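Colleague: File start35.cif follows (mmCIF, N, CA and C atoms and all ligand atoms):
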```cif
data_run
loop_
_atom_site.group_PDB
_atom_site.id
_atom_site.type_symbol
_atom_site.label_atom_id
_atom_site.label_comp_id
_atom_site.auth_asym_id
_atom_site.auth_seq_id
_atom_site.Cartn_x
_atom_site.Cartn_y
_atom_site.Cartn_z
ATOM 1 N N MET A 4 228.070 78.182 21.473
ATOM 2 C CA MET A 4 228.106 79.633 21.275
ATOM 3 C C MET A 4 227.235 80.020 20.091
ATOM 4 N N GLY A 5 225.940 80.078 20.312
ATOM 5 C CA GLY A 5 225.038 80.531 19.279
ATOM 6 C C GLY A 5 224.636 79.455 18.293
ATOM 7 N N LYS A 6 225.143 78.241 18.481
ATOM 8 C CA LYS A 6 224.800 77.165 17.545
ATOM 9 C C LYS A 6 223.765 76.210 18.134
ATOM 10 N N HIS A 7 223.309 76.500 19.327
ATOM 11 C CA HIS A 7 222.375 75.596 20.000
ATOM 12 C C HIS A 7 220.955 75.770 19.482
ATOM 13 N N LYS A 8 220.607 77.001 19.156
ATOM 14 C CA LYS A 8 219.247 77.275 18.716
ATOM 15 C C LYS A 8 219.108 77.034 17.219
ATOM 16 N N ARG A 9 217.952 76.548 16.848
ATOM 17 C CA ARG A 9 217.703 76.311 15.431
ATOM 18 C C ARG A 9 217.592 77.631 14.685
ATOM 19 N N GLU A 10 216.919 78.584 15.307
ATOM 20 C CA GLU A 10 216.823 79.900 14.690
ATOM 21 C C GLU A 10 218.053 80.716 15.049
ATOM 22 N N VAL A 11 218.592 81.354 14.037
ATOM 23 C CA VAL A 11 219.802 82.135 14.233
ATOM 24 C C VAL A 11 219.455 83.620 14.181
ATOM 25 N N ASP A 12 220.015 84.357 15.097
ATOM 26 C CA ASP A 12 219.778 85.792 15.092
ATOM 27 C C ASP A 12 220.248 86.402 13.775
ATOM 28 N N CYS A 13 219.478 87.296 13.275
ATOM 29 C CA CYS A 13 219.839 87.994 12.044
ATOM 30 C C CYS A 13 221.174 88.704 12.228
ATOM 31 N N SER A 14 222.053 88.531 11.242
ATOM 32 C CA SER A 14 223.383 89.124 11.351
ATOM 33 C C SER A 14 223.358 90.629 11.123
ATOM 34 N N ALA A 15 222.303 91.090 10.473
ATOM 35 C CA ALA A 15 222.227 92.523 10.168
ATOM 36 C C ALA A 15 221.786 93.340 11.376
ATOM 37 N N CYS A 16 220.835 92.800 12.136
ATOM 38 C CA CYS A 16 220.284 93.550 13.267
ATOM 39 C C CYS A 16 220.572 92.856 14.599
ATOM 40 N N HIS A 17 221.293 91.749 14.551
ATOM 41 C CA HIS A 17 221.687 91.009 15.761
ATOM 42 C C HIS A 17 220.466 90.580 16.572
ATOM 43 N N GLY A 18 219.415 90.201 15.880
ATOM 44 C CA GLY A 18 218.240 89.658 16.540
ATOM 45 C C GLY A 18 217.272 90.708 17.060
ATOM 46 N N LYS A 19 217.585 91.962 16.829
ATOM 47 C CA LYS A 19 216.708 93.026 17.334
ATOM 48 C C LYS A 19 215.491 93.222 16.435
ATOM 49 N N GLY A 20 215.620 92.888 15.172
ATOM 50 C CA GLY A 20 214.512 93.038 14.247
ATOM 51 C C GLY A 20 214.441 94.409 13.601
ATOM 52 N N GLY A 21 215.359 95.243 13.939
ATOM 53 C CA GLY A 21 215.363 96.579 13.354
ATOM 54 C C GLY A 21 216.142 97.531 14.235
ATOM 55 N N LYS A 22 215.948 98.807 13.989
ATOM 56 C CA LYS A 22 216.660 99.783 14.807
ATOM 57 C C LYS A 22 215.875 101.089 14.835
ATOM 58 N N TRP A 23 216.150 101.858 15.871
ATOM 59 C CA TRP A 23 215.525 103.165 15.980
ATOM 60 C C TRP A 23 216.348 104.180 15.217
ATOM 61 N N GLU A 24 215.660 104.969 14.419
ATOM 62 C CA GLU A 24 216.335 106.045 13.719
ATOM 63 C C GLU A 24 215.656 107.365 14.061
ATOM 64 N N SER A 25 216.463 108.388 14.071
ATOM 65 C CA SER A 25 215.925 109.708 14.380
ATOM 66 C C SER A 25 215.405 110.377 13.119
ATOM 67 N N ASP A 26 214.167 110.853 13.176
ATOM 68 C CA ASP A 26 213.559 111.513 12.025
ATOM 69 C C ASP A 26 212.923 112.812 12.495
ATOM 70 N N ASP A 27 213.597 113.905 12.228
ATOM 71 C CA ASP A 27 213.114 115.218 12.666
ATOM 72 C C ASP A 27 212.852 115.256 14.169
ATOM 73 N N GLY A 28 213.730 114.614 14.913
ATOM 74 C CA GLY A 28 213.588 114.620 16.360
ATOM 75 C C GLY A 28 212.702 113.530 16.899
ATOM 76 N N ASN A 29 211.994 112.845 16.026
ATOM 77 C CA ASN A 29 211.159 111.728 16.455
ATOM 78 C C ASN A 29 211.889 110.419 16.216
ATOM 79 N N LYS A 30 211.713 109.518 17.147
ATOM 80 C CA LYS A 30 212.319 108.202 16.961
ATOM 81 C C LYS A 30 211.370 107.314 16.180
ATOM 82 N N VAL A 31 211.910 106.788 15.088
ATOM 83 C CA VAL A 31 211.098 105.950 14.204
ATOM 84 C C VAL A 31 211.707 104.561 14.138
ATOM 85 N N TRP A 32 210.871 103.545 14.332
ATOM 86 C CA TRP A 32 211.342 102.158 14.266
ATOM 87 C C TRP A 32 211.473 101.724 12.815
ATOM 88 N N ARG A 33 212.687 101.325 12.447
ATOM 89 C CA ARG A 33 212.936 100.840 11.095
ATOM 90 C C ARG A 33 213.123 99.321 11.132
ATOM 91 N N PRO A 34 212.157 98.563 10.679
ATOM 92 C CA PRO A 34 212.324 97.115 10.646
ATOM 93 C C PRO A 34 213.493 96.722 9.743
ATOM 94 N N CYS A 35 214.218 95.732 10.172
ATOM 95 C CA CYS A 35 215.366 95.255 9.418
ATOM 96 C C CYS A 35 214.903 94.673 8.081
ATOM 97 N N VAL A 36 215.607 95.042 7.027
ATOM 98 C CA VAL A 36 215.222 94.552 5.706
ATOM 99 C C VAL A 36 215.729 93.133 5.465
ATOM 100 N N MET A 37 216.718 92.711 6.235
ATOM 101 C CA MET A 37 217.288 91.367 6.059
ATOM 102 C C MET A 37 216.342 90.292 6.577
ATOM 103 N N CYS A 38 215.669 90.589 7.692
ATOM 104 C CA CYS A 38 214.817 89.576 8.321
ATOM 105 C C CYS A 38 213.364 90.034 8.400
ATOM 106 N N ASN A 39 213.059 91.141 7.784
ATOM 107 C CA ASN A 39 211.699 91.675 7.796
ATOM 108 C C ASN A 39 211.182 91.933 9.207
ATOM 109 N N GLY A 40 212.088 92.293 10.091
ATOM 110 C CA GLY A 40 211.689 92.660 11.442
ATOM 111 C C GLY A 40 211.535 91.495 12.401
ATOM 112 N N SER A 41 211.810 90.291 11.935
ATOM 113 C CA SER A 41 211.643 89.123 12.817
ATOM 114 C C SER A 41 212.843 88.935 13.739
ATOM 115 N N GLY A 42 213.993 89.425 13.310
ATOM 116 C CA GLY A 42 215.207 89.254 14.115
ATOM 117 C C GLY A 42 215.875 87.908 13.899
ATOM 118 N N LYS A 43 215.253 87.074 13.093
ATOM 119 C CA LYS A 43 215.813 85.746 12.828
ATOM 120 C C LYS A 43 216.087 85.572 11.348
ATOM 121 N N GLN A 44 217.091 84.764 11.065
ATOM 122 C CA GLN A 44 217.402 84.480 9.671
ATOM 123 C C GLN A 44 216.634 83.262 9.189
HETATM 124 ZN ZN ZN A 101 217.506 91.606 10.828
#
```
Turn this file's structure into structure tokens for me.
Ligand SMILES: [Zn+2]
Modeller:
Amino acid sequence: MGKHKREVDCSACHGKGGKWESDDGNKVWRPCVMCNGSGKQ
């Protein structure tokens, strides 16, 4: 259960590498600060 891969999904973004945030009606991609957008720890 998640221990098979050497790379572990970032716990902050769950491997997504960031999240979409709404900025004045526009969707802006915010890279995760924990993994610098890689999605991996
Ligand atoms: Zn992350």
Colleague: Take the point (216.3, 82.2, 9.9) as written in the file and pick out every residue within 6 Å of it, counting only N, CA and C atoms; give the list as a list in words.
Modeller: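 It turns out the residues near that spot are Glu10, Val11, Lys43 and Gln44 of chain A.
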Colleague: Figure out the distance between CA of Gly18 (chain A) and atom ZN of ligand ZN 101 (chain A), please, to one decimal in Å.
Modeller: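 About the pair atom ZN of ligand ZN 101 (chain A) and CA of Gly18 (chain A): they are 6.1 Å apart.
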Colleague: When the cut-off is 6 Å and you count only C-alpha atoms and all ligand atoms, which residues lie near ligand ZN 101 (chain A), shown as a PyMOL selection string?
Modeller: chain A and resi 13+15-16+20-21+35+37-38+40+42
Colleague: Include N, CA and C atoms and write out the residues we just selected as an mmCIF file, in the frame of the given file.
Modeller:
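Wrote it out as again12.cif, contents follow:
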```cif
data_model
loop_
_atom_site.group_PDB
_atom_site.id
_atom_site.type_symbol
_atom_site.label_atom_id
_atom_site.label_comp_id
_atom_site.auth_asym_id
_atom_site.auth_seq_id
_atom_site.Cartn_x
_atom_site.Cartn_y
_atom_site.Cartn_z
ATOM 1 N N CYS A 13 219.478 87.296 13.275
ATOM 2 C CA CYS A 13 219.839 87.994 12.044
ATOM 3 C C CYS A 13 221.174 88.704 12.228
ATOM 4 N N ALA A 15 222.303 91.090 10.473
ATOM 5 C CA ALA A 15 222.227 92.523 10.168
ATOM 6 C C ALA A 15 221.786 93.340 11.376
ATOM 7 N N CYS A 16 220.835 92.800 12.136
ATOM 8 C CA CYS A 16 220.284 93.550 13.267
ATOM 9 C C CYS A 16 220.572 92.856 14.599
ATOM 10 N N GLY A 20 215.620 92.888 15.172
ATOM 11 C CA GLY A 20 214.512 93.038 14.247
ATOM 12 C C GLY A 20 214.441 94.409 13.601
ATOM 13 N N GLY A 21 215.359 95.243 13.939
ATOM 14 C CA GLY A 21 215.363 96.579 13.354
ATOM 15 C C GLY A 21 216.142 97.531 14.235
ATOM 16 N N CYS A 35 214.218 95.732 10.172
ATOM 17 C CA CYS A 35 215.366 95.255 9.418
ATOM 18 C C CYS A 35 214.903 94.673 8.081
ATOM 19 N N MET A 37 216.718 92.711 6.235
ATOM 20 C CA MET A 37 217.288 91.367 6.059
ATOM 21 C C MET A 37 216.342 90.292 6.577
ATOM 22 N N CYS A 38 215.669 90.589 7.692
ATOM 23 C CA CYS A 38 214.817 89.576 8.321
ATOM 24 C C CYS A 38 213.364 90.034 8.400
ATOM 25 N N GLY A 40 212.088 92.293 10.091
ATOM 26 C CA GLY A 40 211.689 92.660 11.442
ATOM 27 C C GLY A 40 211.535 91.495 12.401
ATOM 28 N N GLY A 42 213.993 89.425 13.310
ATOM 29 C CA GLY A 42 215.207 89.254 14.115
ATOM 30 C C GLY A 42 215.875 87.908 13.899
#
```
Colleague: When the PyMOL selection byres (((chain A and resi 32 and name CA) around 7) and not hetatm and name CA) is applied to the file above, which residues end up in the set, as JSON, numbers by chain?
Modeller: {"A": [21, 22, 23, 24, 30, 31, 33, 34]}
Colleague: Could you pull out the residues in chain A that DSSP calls strand (DSSP E or B) from the backbone, as a VMD selection string?
Modeller: chain A and resid 12 21 to 26 29 to 34 43
Colleague: Using the selection just defined, write its residues with N, CA and C atoms as an mmCIF file, in the coordinates of the input.
Modeller:
```cif
data_model
loop_
_atom_site.group_PDB
_atom_site.id
_atom_site.type_symbol
_atom_site.label_atom_id
_atom_site.label_comp_id
_atom_site.auth_asym_id
_atom_site.auth_seq_id
_atom_site.Cartn_x
_atom_site.Cartn_y
_atom_site.Cartn_z
ATOM 1 N N ASP A 12 220.015 84.357 15.097
ATOM 2 C CA ASP A 12 219.778 85.792 15.092
ATOM 3 C C ASP A 12 220.248 86.402 13.775
ATOM 4 N N GLY A 21 215.359 95.243 13.939
ATOM 5 C CA GLY A 21 215.363 96.579 13.354
ATOM 6 C C GLY A 21 216.142 97.531 14.235
ATOM 7 N N LYS A 22 215.948 98.807 13.989
ATOM 8 C CA LYS A 22 216.660 99.783 14.807
ATOM 9 C C LYS A 22 215.875 101.089 14.835
ATOM 10 N N TRP A 23 216.150 101.858 15.871
ATOM 11 C CA TRP A 23 215.525 103.165 15.980
ATOM 12 C C TRP A 23 216.348 104.180 15.217
ATOM 13 N N GLU A 24 215.660 104.969 14.419
ATOM 14 C CA GLU A 24 216.335 106.045 13.719
ATOM 15 C C GLU A 24 215.656 107.365 14.061
ATOM 16 N N SER A 25 216.463 108.388 14.071
ATOM 17 C CA SER A 25 215.925 109.708 14.380
ATOM 18 C C SER A 25 215.405 110.377 13.119
ATOM 19 N N ASP A 26 214.167 110.853 13.176
ATOM 20 C CA ASP A 26 213.559 111.513 12.025
ATOM 21 C C ASP A 26 212.923 112.812 12.495
ATOM 22 N N ASN A 29 211.994 112.845 16.026
ATOM 23 C CA ASN A 29 211.159 111.728 16.455
ATOM 24 C C ASN A 29 211.889 110.419 16.216
ATOM 25 N N LYS A 30 211.713 109.518 17.147
ATOM 26 C CA LYS A 30 212.319 108.202 16.961
ATOM 27 C C LYS A 30 211.370 107.314 16.180
ATOM 28 N N VAL A 31 211.910 106.788 15.088
ATOM 29 C CA VAL A 31 211.098 105.950 14.204
ATOM 30 C C VAL A 31 211.707 104.561 14.138
ATOM 31 N N TRP A 32 210.871 103.545 14.332
ATOM 32 C CA TRP A 32 211.342 102.158 14.266
ATOM 33 C C TRP A 32 211.473 101.724 12.815
ATOM 34 N N ARG A 33 212.687 101.325 12.447
ATOM 35 C CA ARG A 33 212.936 100.840 11.095
ATOM 36 C C ARG A 33 213.123 99.321 11.132
ATOM 37 N N PRO A 34 212.157 98.563 10.679
ATOM 38 C CA PRO A 34 212.324 97.115 10.646
ATOM 39 C C PRO A 34 213.493 96.722 9.743
ATOM 40 N N LYS A 43 215.253 87.074 13.093
ATOM 41 C CA LYS A 43 215.813 85.746 12.828
ATOM 42 C C LYS A 43 216.087 85.572 11.348
#
```
Colleague: Using the file's own x, y and z axes, so that the box edges lie along x, y and z, what centre and edge lengths in Å (one decimal) does a box around every listed atom of region 12-30 of chain A get when 8 Å is added on each side? Give it as lines of an AutoDock Vina configuration file.
Modeller:
```
center_x = 217.3
center_y = 99.8
center_z = 13.8
size_x = 28.2
size_y = 46.9
size_z = 23.2
```
Colleague: Between atom N of Val36 (chain A) and CA of Asp12 (chain A), what is the spacing in Å?
Modeller: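 Answer for the CA of Asp12 (chain A) to atom N of Val36 (chain A) separation: 13.0 Å.
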